[in-house]
$ cat run_28.cif   # mmCIF, C-alpha atoms
data_protein
loop_
_atom_site.label_atom_id
_atom_site.label_comp_id
_atom_site.auth_asym_id
_atom_site.auth_seq_id
_atom_site.Cartn_x
_atom_site.Cartn_y
_atom_site.Cartn_z
CA MET A 143 83.92 38.11 217.09
CA THR A 144 85.95 37.41 220.15
CA GLY A 145 86.29 39.34 223.36
CA HIS A 146 89.44 40.94 222.02
CA ASP A 147 87.51 42.39 219.12
CA VAL A 148 84.77 43.78 221.33
CA VAL A 149 87.26 45.48 223.62
CA PHE A 150 89.17 46.81 220.66
CA VAL A 151 86.05 48.26 219.06
CA LEU A 152 85.08 50.02 222.28
CA VAL A 153 88.56 51.44 222.89
CA GLY A 154 88.99 52.32 219.24
CA LEU A 155 85.71 54.22 219.09
CA LEU A 156 86.68 56.16 222.21
CA THR A 157 90.08 56.95 220.74
CA ALA A 158 88.72 58.02 217.38
CA ALA A 159 86.04 60.24 218.90
CA ALA A 160 88.55 61.89 221.22
CA ALA A 161 90.96 62.44 218.33
CA ILE A 162 88.31 64.12 216.21
CA LEU A 163 87.28 66.29 219.15
CA THR A 164 90.94 67.22 219.66
CA VAL A 165 91.19 68.89 216.29
CA THR A 166 87.69 70.37 216.24
CA SER A 167 87.34 71.65 219.80
CA LYS A 168 86.89 75.38 220.19
CA ASN A 169 88.51 75.49 223.60
CA LEU A 170 92.24 75.02 223.83
CA VAL A 171 92.28 73.36 227.23
CA HIS A 172 89.51 71.02 226.14
CA ALA A 173 91.58 70.15 223.09
CA ALA A 174 94.55 69.29 225.31
CA LEU A 175 92.37 67.14 227.57
CA PHE A 176 90.88 65.36 224.55
CA LEU A 177 94.43 64.77 223.36
CA ALA A 178 95.22 63.15 226.70
CA THR A 179 92.11 60.98 226.31
CA THR A 180 93.25 59.99 222.83
CA LEU A 181 96.69 59.05 224.07
CA ALA A 182 95.24 57.01 226.92
CA GLY A 183 92.98 55.26 224.43
CA ILE A 184 96.00 54.44 222.31
CA ALA A 185 97.58 52.90 225.38
CA GLY A 186 94.44 50.76 225.65
CA VAL A 187 94.84 49.76 222.01
CA PHE A 188 98.41 48.69 222.79
CA LEU A 189 97.10 46.59 225.65
CA VAL A 190 94.60 44.88 223.36
CA LEU A 191 97.41 44.27 220.87
CA ALA A 192 99.43 42.51 223.61
CA ALA A 193 102.09 45.19 223.87
CA ASP A 194 102.00 45.68 227.64
CA PHE A 195 105.32 47.45 228.05
CA LEU A 196 104.55 49.86 225.25
CA ALA A 197 101.16 50.65 226.79
CA LEU A 198 102.82 51.56 230.08
CA VAL A 199 105.46 53.65 228.33
CA GLN A 200 102.69 55.41 226.43
CA LEU A 201 100.88 56.19 229.67
CA VAL A 202 103.99 57.45 231.43
CA VAL A 203 105.50 59.47 228.59
CA TYR A 204 102.46 60.75 226.73
CA VAL A 205 99.63 61.00 229.23
CA GLY A 206 101.97 61.84 232.08
CA ALA A 207 104.49 64.17 230.50
CA VAL A 208 103.53 65.33 227.04
CA ALA A 209 99.91 66.19 227.87
CA VAL A 210 101.00 68.23 230.87
CA LEU A 211 103.63 69.93 228.71
CA PHE A 212 100.94 70.87 226.21
CA LEU A 213 98.76 72.25 228.99
CA PHE A 214 101.69 74.37 230.17
CA GLY A 215 102.26 75.51 226.62
CA LEU A 216 98.65 76.56 226.18
CA MET A 217 98.52 78.40 229.46
CA LEU A 218 101.84 80.20 228.97
CA THR A 219 100.94 81.49 225.53
CA ARG A 220 97.53 82.93 226.47
CA ALA A 221 95.98 81.98 223.18
CA PRO A 222 92.53 83.25 222.22
CA ILE A 223 89.57 80.88 222.22
CA GLY A 224 86.98 80.36 219.51
CA ARG A 225 86.72 78.68 216.15
CA GLU A 226 87.62 81.80 214.22
CA ALA A 227 90.70 82.30 216.35
CA LEU A 228 91.76 78.65 216.23
CA ASP A 229 91.09 77.65 212.64
CA ASN A 230 92.34 79.42 209.57
CA GLN A 231 90.75 79.72 206.15
CA ASN A 232 92.06 76.35 205.02
CA ARG A 233 89.33 74.24 206.60
CA GLY A 234 87.85 73.18 203.28
CA LEU A 235 91.26 72.26 201.93
CA ALA A 236 92.06 70.40 205.14
CA ILE A 237 88.82 68.43 205.04
CA GLY A 238 89.41 67.63 201.39
CA VAL A 239 93.00 66.46 201.85
CA SER A 240 92.46 64.44 205.01
CA GLY A 241 89.14 62.98 203.89
CA GLY A 242 90.49 62.02 200.51
CA LEU A 243 93.58 60.47 202.03
CA PHE A 244 91.44 58.56 204.51
CA VAL A 245 89.19 57.18 201.79
CA VAL A 246 92.14 56.11 199.63
CA LEU A 247 94.14 54.55 202.45
CA SER A 248 91.20 52.73 204.02
CA ALA A 249 90.15 51.39 200.62
CA LEU A 250 93.68 50.06 200.12
CA ILE A 251 93.76 48.54 203.60
CA VAL A 252 90.36 46.91 203.28
CA ASP A 253 91.31 45.59 199.87
CA ALA A 254 94.57 44.16 201.18
CA VAL A 255 93.16 42.60 204.34
CA VAL A 256 89.74 41.42 203.19
CA GLY A 257 90.80 40.75 199.62
CA GLY A 258 93.39 38.31 200.86
CA SER A 259 96.57 39.67 199.32
CA LEU A 260 98.14 39.57 202.77
CA GLY A 261 97.18 35.93 203.18
CA ASP A 262 95.19 34.64 206.12
CA THR A 263 95.63 37.49 208.54
CA THR A 264 93.19 36.61 211.31
CA VAL A 265 95.07 35.34 214.31
CA ALA A 266 93.18 33.39 216.94
CA GLU A 267 95.08 34.75 219.91
CA VAL A 268 97.08 37.93 220.00
CA THR A 269 100.56 37.36 221.31
CA GLY A 270 103.53 39.63 221.55
CA PRO A 271 107.07 39.48 222.80
CA GLY A 272 107.44 39.78 226.54
CA ILE A 273 109.28 42.50 228.35
CA GLU A 274 112.38 40.29 228.70
CA ASP A 275 112.60 39.95 224.94
CA ILE A 276 112.27 43.69 224.50
CA GLY A 277 114.96 44.40 227.06
CA MET A 278 117.35 41.85 225.58
CA ALA A 279 116.75 43.18 222.10
CA ILE A 280 117.26 46.81 223.09
CA PHE A 281 120.50 46.22 224.95
CA ALA A 282 121.93 43.65 222.54
CA GLU A 283 120.81 44.34 219.01
CA TRP A 284 119.58 47.90 219.25
CA VAL A 285 122.07 49.33 221.68
CA LEU A 286 123.61 51.78 219.21
CA PRO A 287 120.27 53.38 218.26
CA PHE A 288 119.44 53.44 221.96
CA GLU A 289 122.57 55.43 222.75
CA VAL A 290 121.98 57.71 219.79
CA LEU A 291 118.47 58.33 221.13
CA SER A 292 119.89 59.25 224.51
CA MET A 293 122.21 61.75 222.83
CA LEU A 294 119.23 63.13 220.93
CA LEU A 295 117.30 63.59 224.16
CA LEU A 296 120.27 65.37 225.73
CA ALA A 297 120.57 67.65 222.72
CA ALA A 298 116.84 68.37 222.83
CA LEU A 299 117.07 69.17 226.54
CA ILE A 300 119.90 71.65 226.04
CA GLY A 301 118.31 73.05 222.91
CA ALA A 302 114.97 73.61 224.62
CA ILE A 303 116.67 75.43 227.49
CA VAL A 304 118.68 77.62 225.13
CA LEU A 305 115.64 78.41 222.99
CA ALA A 306 113.23 79.18 225.80
CA ARG A 307 115.64 81.13 228.02
CA ARG A 308 114.96 84.81 228.34
CA GLU A 309 118.04 86.80 227.42
CA PRO A 310 118.48 90.36 228.59
CA GLY A 311 117.64 92.48 225.62
CA ASP A 312 114.75 90.38 224.43
CA SER A 313 111.40 92.02 224.13
CA GLY A 314 108.84 91.48 226.82
CA GLU A 315 109.31 92.07 230.50
CA GLU A 316 112.89 92.46 231.51
CA ALA A 317 114.19 90.19 234.19
CA MET A 318 116.46 91.75 236.77
CA ALA A 319 120.00 90.80 235.94
CA THR A 320 121.92 89.36 238.84
CA ARG A 321 125.49 90.56 238.89
CA ILE A 322 128.04 88.55 240.74
CA ASP A 323 131.25 90.27 241.72
CA PHE A 324 134.27 88.12 242.39
CA GLY A 325 136.49 90.70 243.96
CA ASP A 326 139.77 90.58 242.09
CA ALA A 327 138.29 89.04 238.98
CA PRO A 328 139.10 90.91 235.79
CA PRO A 329 136.32 93.10 234.44
CA THR A 330 133.85 90.81 232.70
CA GLU A 331 131.93 93.57 230.93
CA GLY A 332 134.45 94.01 228.13
CA THR A 333 132.16 93.48 225.18
CA ASP A 334 129.30 95.18 226.97
CA SER A 335 131.27 98.37 227.64
CA LEU A 336 132.50 98.37 224.07
CA SER A 337 129.02 98.26 222.71
CA SER A 338 127.53 100.74 225.16
CA GLY A 339 130.22 103.35 224.55
CA SER A 340 130.23 106.02 227.21
CA LEU A 341 127.91 104.24 229.59
CA PRO A 342 129.92 101.24 230.75
CA GLU A 343 128.09 100.89 234.03
CA LEU A 344 124.69 100.15 232.54
CA THR A 345 123.58 96.62 231.85
CA SER A 346 122.11 95.88 228.50
CA GLY A 347 118.59 95.79 229.89
CA GLU A 348 118.88 99.30 231.33
CA ARG A 349 120.44 100.51 228.14
CA ARG A 350 117.45 99.24 226.23
CA GLU A 351 114.99 101.02 228.47
CA GLY A 352 116.87 104.29 228.41
CA GLY A 353 117.52 104.22 224.70
CA PRO A 354 115.56 106.14 222.12
CA MET B 99 91.67 39.17 215.76
CA SER B 100 91.94 40.77 212.37
CA PRO B 101 94.45 43.56 211.71
CA LEU B 102 91.74 45.50 209.89
CA GLY B 103 90.55 47.36 212.97
CA PRO B 104 93.92 48.67 214.20
CA LEU B 105 94.98 49.65 210.69
CA LEU B 106 91.77 51.57 210.08
CA LEU B 107 92.05 53.28 213.46
CA ALA B 108 95.62 54.29 212.66
CA THR B 109 94.50 55.63 209.28
CA LEU B 110 91.78 57.68 210.91
CA LEU B 111 94.17 59.10 213.50
CA PHE B 112 96.70 59.99 210.81
CA CYS B 113 94.11 61.77 208.69
CA VAL B 114 92.73 63.61 211.70
CA GLY B 115 96.29 64.73 212.43
CA ILE B 116 96.69 65.97 208.87
CA TYR B 117 93.45 67.90 209.20
CA GLY B 118 94.70 69.49 212.41
CA VAL B 119 98.06 70.44 210.93
CA ILE B 120 96.42 72.13 207.95
CA ALA B 121 93.40 73.73 209.59
CA ARG B 122 94.65 74.86 212.97
CA ARG B 123 96.35 78.21 213.31
CA ASN B 124 97.58 77.90 216.89
CA ALA B 125 101.11 76.50 216.90
CA VAL B 126 100.52 74.41 220.04
CA LEU B 127 97.50 72.78 218.42
CA VAL B 128 99.59 72.03 215.34
CA LEU B 129 102.11 70.27 217.58
CA MET B 130 99.26 68.25 219.13
CA SER B 131 98.15 67.15 215.67
CA VAL B 132 101.70 66.05 214.88
CA GLU B 133 101.56 63.92 218.02
CA LEU B 134 98.37 62.29 216.74
CA MET B 135 100.12 61.37 213.50
CA LEU B 136 103.11 59.90 215.33
CA ASN B 137 100.81 57.80 217.48
CA ALA B 138 99.01 56.52 214.42
CA VAL B 139 102.34 55.26 213.12
CA ASN B 140 102.97 53.56 216.47
CA ILE B 141 99.66 51.71 216.27
CA ASN B 142 100.54 50.58 212.78
CA LEU B 143 103.94 49.28 213.85
CA VAL B 144 102.57 47.33 216.79
CA ALA B 145 99.66 45.94 214.79
CA PHE B 146 101.92 44.70 212.00
CA SER B 147 104.42 43.27 214.44
CA ASN B 148 102.00 41.45 216.71
CA LEU B 149 99.20 40.52 214.33
CA LEU B 150 100.86 39.81 211.01
CA PHE B 151 104.19 38.36 212.10
CA PRO B 152 103.49 36.81 215.49
CA GLU B 153 105.44 33.61 214.96
CA ASP B 154 108.78 35.36 214.48
CA ALA B 155 108.66 36.68 218.02
CA ALA B 156 109.86 39.87 216.38
CA VAL B 157 110.38 42.70 218.81
CA SER B 158 111.41 45.15 216.11
CA GLY B 159 107.97 46.68 215.78
CA GLN B 160 107.69 47.49 219.45
CA ILE B 161 111.27 48.77 219.62
CA PHE B 162 110.62 51.08 216.70
CA ALA B 163 107.53 52.32 218.50
CA LEU B 164 109.60 52.96 221.64
CA PHE B 165 112.15 54.94 219.67
CA ILE B 166 109.38 56.94 218.04
CA ILE B 167 107.98 57.76 221.48
CA GLY B 168 111.41 59.00 222.56
CA VAL B 169 111.91 61.10 219.44
CA ALA B 170 108.41 62.52 219.80
CA ALA B 171 109.15 63.57 223.37
CA ALA B 172 112.26 65.41 222.19
CA GLU B 173 110.27 66.98 219.37
CA VAL B 174 107.60 68.25 221.74
CA GLY B 175 110.23 69.82 224.00
CA VAL B 176 112.04 71.65 221.25
CA GLY B 177 108.80 72.54 219.47
CA LEU B 178 107.26 74.10 222.54
CA ALA B 179 110.49 76.01 223.21
CA ILE B 180 110.30 77.42 219.68
CA VAL B 181 106.65 78.33 220.23
CA PHE B 182 107.52 80.12 223.48
CA ASN B 183 110.28 82.02 221.72
CA MET B 184 107.86 82.96 218.97
CA PHE B 185 105.28 84.11 221.48
CA ARG B 186 107.87 86.22 223.29
CA ASN B 187 109.13 87.88 220.13
CA ARG B 188 105.85 88.41 218.30
CA ALA B 189 103.19 88.14 221.06
CA SER B 190 101.36 85.59 218.94
CA VAL B 191 101.36 81.84 218.37
CA ASN B 192 99.46 82.10 215.12
CA VAL B 193 101.36 80.15 212.50
CA ASP B 194 99.94 82.37 209.76
CA ASP B 195 101.66 85.39 211.27
CA VAL B 196 105.11 83.87 211.17
CA ASP B 197 106.09 84.42 207.57
CA LEU B 198 109.42 86.13 208.11
CA MET B 199 111.32 83.45 206.18
CA ARG B 200 108.76 83.26 203.41
CA TRP B 201 110.34 83.49 200.02
#

$ encode --input "run_28.cif" --output "structure tokens"
Amino acid sequence: MTGHDVVFVLVGLLTAAAAILTVTSKNLVHAALFLATTLAGIAGVFLVLAADFLALVQLVVYVGAVAVLFLFGLMLTRAPIGREALDNQNRGLAIGVSGGLFVVLSALIVDAVVGGSLGDTTVAEVTGPGIEDIGMAIFAEWVLPFEVLSMLLLAALIGAIVLARREPGDSGEEAMATRIDFGDAPPTEGTDSLSSGSLPELTSGERREGGP
Amino acid sequence: MSPLGPLLLATLLFCVGIYGVIARRNAVLVLMSVELMLNAVNINLVAFSNLLFPEDAAVSGQIFALFIIGVAAAEVGVGLAIVFNMFRNRASVNVDDVDLMRW
């Protein structure tokens, strides 16, 4: 048992405990913080596995951005707290499915690794490609998937804005509509006045409030 | 170092994620569990790449993991936007309540 193994066992136990607490915690904010701990532990696992660049990316993207995004999500949705409010009636089914899957998969993995069907798998020293290799590979071999990923991120950005934007006429609190008049611009309320009939001067939000 | 430890850790994280997806009723917590499953896959990719095929100097495992991180970030953004929209329209993030498209 080398030093690598000892460090991995420590980090792995921390990660596993934090992951289990993430899905069993009764408090939403605690769950998000345990998720951040899990993700940081996974970054530590990457470090032990000699994937330095990936560990840093994991820290920046997951612990830095995604965990904060989840905290925002929890706070903006004002969710109730408590096991009854957080878990549904499927807990027995969930324990059965995940526990059974874990037993089957870990039996297969132990059989493959210890049983020797993967060959001699114990490496003396963990090595991985350096950051130069990763950069060269991304921008030479993998440049098309890289560009596709950038398009995906752009689409997700626009899609998230469109989905989360509050339109006048949605339920909830109405935001004050800002009307910009451009002087000699043609009337821009064409469809609005058509739909509102005899009340062309009302915005859709006011129409909703005054309606039956 | 044997690949047994990382693979077992990834299995545990994946199964914990499955438990969360099935048992949680808050949509944000379901998204968190999906993140756990994606990270389990990342551990698997890096472990296979660096422990089982170290002599190839193969970067493919780590590059796949990087792409998965990028896709997961996009997924979290769109997913949370959908959750916010759901909360605004129904005043609830309970996934059991949202059965409008149920057959």

$ closest_residue --input "run_28.cif" --among "B:Ser100, B:Asn137, B:Asn187, B:Thr109" --to "A:Gly242" --atoms "all atoms listed in the file"
B:Thr109

$ closest_residue --input "run_28.cif" --among "B:Leu102, B:Leu178, B:Val144, B:Ala138" --to "B:Gln160" --atoms "all atoms listed in the file"
B:Val144

$ resolve_selection --input "run_28.cif" --expression "the PyMOL selection byres ((chain A) within 6 of (chain B))" --output "number ranges by chain"
A: 165, 228-230, 232-233, 236, 240, 244, 264-265, 270-271, 295, 298, 302, 305-306

$ write_last_selection --input "run_28.cif" --atoms "C-alpha atoms" --output "PDB file, in the frame of the given file"
ATOM      1  CA  VAL A 165      91.190  68.890 216.290  1.00  0.00           C
ATOM      2  CA  LEU A 228      91.760  78.650 216.230  1.00  0.00           C
ATOM      3  CA  ASP A 229      91.090  77.650 212.640  1.00  0.00           C
ATOM      4  CA  ASN A 230      92.340  79.420 209.570  1.00  0.00           C
ATOM      5  CA  ASN A 232      92.060  76.350 205.020  1.00  0.00           C
ATOM      6  CA  ARG A 233      89.330  74.240 206.600  1.00  0.00           C
ATOM      7  CA  ALA A 236      92.060  70.400 205.140  1.00  0.00           C
ATOM      8  CA  SER A 240      92.460  64.440 205.010  1.00  0.00           C
ATOM      9  CA  PHE A 244      91.440  58.560 204.510  1.00  0.00           C
ATOM     10  CA  THR A 264      93.190  36.610 211.310  1.00  0.00           C
ATOM     11  CA  VAL A 265      95.070  35.340 214.310  1.00  0.00           C
ATOM     12  CA  GLY A 270     103.530  39.630 221.550  1.00  0.00           C
ATOM     13  CA  PRO A 271     107.070  39.480 222.800  1.00  0.00           C
ATOM     14  CA  LEU A 295     117.300  63.590 224.160  1.00  0.00           C
ATOM     15  CA  ALA A 298     116.840  68.370 222.830  1.00  0.00           C
ATOM     16  CA  ALA A 302     114.970  73.610 224.620  1.00  0.00           C
ATOM     17  CA  LEU A 305     115.640  78.410 222.990  1.00  0.00           C
ATOM     18  CA  ALA A 306     113.230  79.180 225.800  1.00  0.00           C
TER      19      ALA A 306
END

$ atom_distance --input "run_28.cif" --atom1 "atom CA of A:Gly183" --atom2 "atom CA of A:Val153"
6.0 Å

$ atom_distance --input "run_28.cif" --atom1 "atom CA of A:Ala279" --atom2 "atom CA of A:Leu198"
18.1 Å

$ atom_distance --input "run_28.cif" --atom1 "atom CA of A:Ala207" --atom2 "atom CA of A:Arg307"
20.4 Å

$ closest_residue --input "run_28.cif" --among "A:Thr144, A:Ile276, A:Val203, A:Val151" --to "A:Gly186" --atoms "all atoms listed in the file"
A:Val151

$ resolve_selection --input "run_28.cif" --expression "the PyMOL selection byres ((chain A and resi 175) around 12)" --output "VMD selection string"
(chain A and resid 160 to 161 163 to 165 167 169 to 174 176 to 182 204 to 206 208 to 213 216) or (chain B and resid 127 130)

$ build_atoms --input "run_28.cif" --residues "stretch 287-301 of chain A" --atoms "N, CA, C and O atoms" --output "JSON list (two decimals), keeping the file's coordinate frame"
[["chain", "number", "residue", "atom", "x", "y", "z"],
["A", 287, "PRO", "N", 121.36, 52.41, 218.36],
["A", 287, "PRO", "CA", 120.27, 53.38, 218.26],
["A", 287, "PRO", "C", 119.80, 53.88, 219.62],
["A", 287, "PRO", "O", 119.42, 55.05, 219.75],
["A", 288, "PHE", "N", 119.85, 53.02, 220.62],
["A", 288, "PHE", "CA", 119.44, 53.44, 221.96],
["A", 288, "PHE", "C", 120.34, 54.55, 222.47],
["A", 288, "PHE", "O", 119.87, 55.58, 222.99],
["A", 289, "GLU", "N", 121.65, 54.38, 222.28],
["A", 289, "GLU", "CA", 122.57, 55.43, 222.75],
["A", 289, "GLU", "C", 122.41, 56.70, 221.93],
["A", 289, "GLU", "O", 122.50, 57.81, 222.45],
["A", 290, "VAL", "N", 122.20, 56.53, 220.63],
["A", 290, "VAL", "CA", 121.98, 57.71, 219.79],
["A", 290, "VAL", "C", 120.73, 58.45, 220.25],
["A", 290, "VAL", "O", 120.69, 59.69, 220.30],
["A", 291, "LEU", "N", 119.69, 57.70, 220.64],
["A", 291, "LEU", "CA", 118.47, 58.33, 221.13],
["A", 291, "LEU", "C", 118.73, 59.09, 222.42],
["A", 291, "LEU", "O", 118.18, 60.18, 222.64],
["A", 292, "SER", "N", 119.59, 58.53, 223.27],
["A", 292, "SER", "CA", 119.89, 59.25, 224.51],
["A", 292, "SER", "C", 120.64, 60.54, 224.21],
["A", 292, "SER", "O", 120.37, 61.58, 224.84],
["A", 293, "MET", "N", 121.53, 60.51, 223.22],
["A", 293, "MET", "CA", 122.21, 61.75, 222.83],
["A", 293, "MET", "C", 121.22, 62.75, 222.25],
["A", 293, "MET", "O", 121.31, 63.95, 222.50],
["A", 294, "LEU", "N", 120.24, 62.23, 221.50],
["A", 294, "LEU", "CA", 119.23, 63.13, 220.93],
["A", 294, "LEU", "C", 118.42, 63.79, 222.04],
["A", 294, "LEU", "O", 118.12, 64.99, 221.98],
["A", 295, "LEU", "N", 118.08, 63.00, 223.06],
["A", 295, "LEU", "CA", 117.30, 63.59, 224.16],
["A", 295, "LEU", "C", 118.12, 64.64, 224.90],
["A", 295, "LEU", "O", 117.58, 65.68, 225.29],
["A", 296, "LEU", "N", 119.42, 64.37, 225.08],
["A", 296, "LEU", "CA", 120.27, 65.37, 225.73],
["A", 296, "LEU", "C", 120.34, 66.64, 224.90],
["A", 296, "LEU", "O", 120.21, 67.76, 225.43],
["A", 297, "ALA", "N", 120.51, 66.47, 223.59],
["A", 297, "ALA", "CA", 120.57, 67.65, 222.72],
["A", 297, "ALA", "C", 119.26, 68.41, 222.76],
["A", 297, "ALA", "O", 119.24, 69.65, 222.77],
["A", 298, "ALA", "N", 118.14, 67.69, 222.78],
["A", 298, "ALA", "CA", 116.84, 68.37, 222.83],
["A", 298, "ALA", "C", 116.66, 69.12, 224.14],
["A", 298, "ALA", "O", 116.11, 70.21, 224.17],
["A", 299, "LEU", "N", 117.16, 68.51, 225.23],
["A", 299, "LEU", "CA", 117.07, 69.17, 226.54],
["A", 299, "LEU", "C", 117.83, 70.48, 226.52],
["A", 299, "LEU", "O", 117.28, 71.54, 226.87],
["A", 300, "ILE", "N", 119.10, 70.43, 226.06],
["A", 300, "ILE", "CA", 119.90, 71.65, 226.04],
["A", 300, "ILE", "C", 119.31, 72.64, 225.05],
["A", 300, "ILE", "O", 119.22, 73.85, 225.32],
["A", 301, "GLY", "N", 118.87, 72.15, 223.91],
["A", 301, "GLY", "CA", 118.31, 73.05, 222.91],
["A", 301, "GLY", "C", 117.05, 73.74, 223.40],
["A", 301, "GLY", "O", 116.85, 74.93, 223.15]]
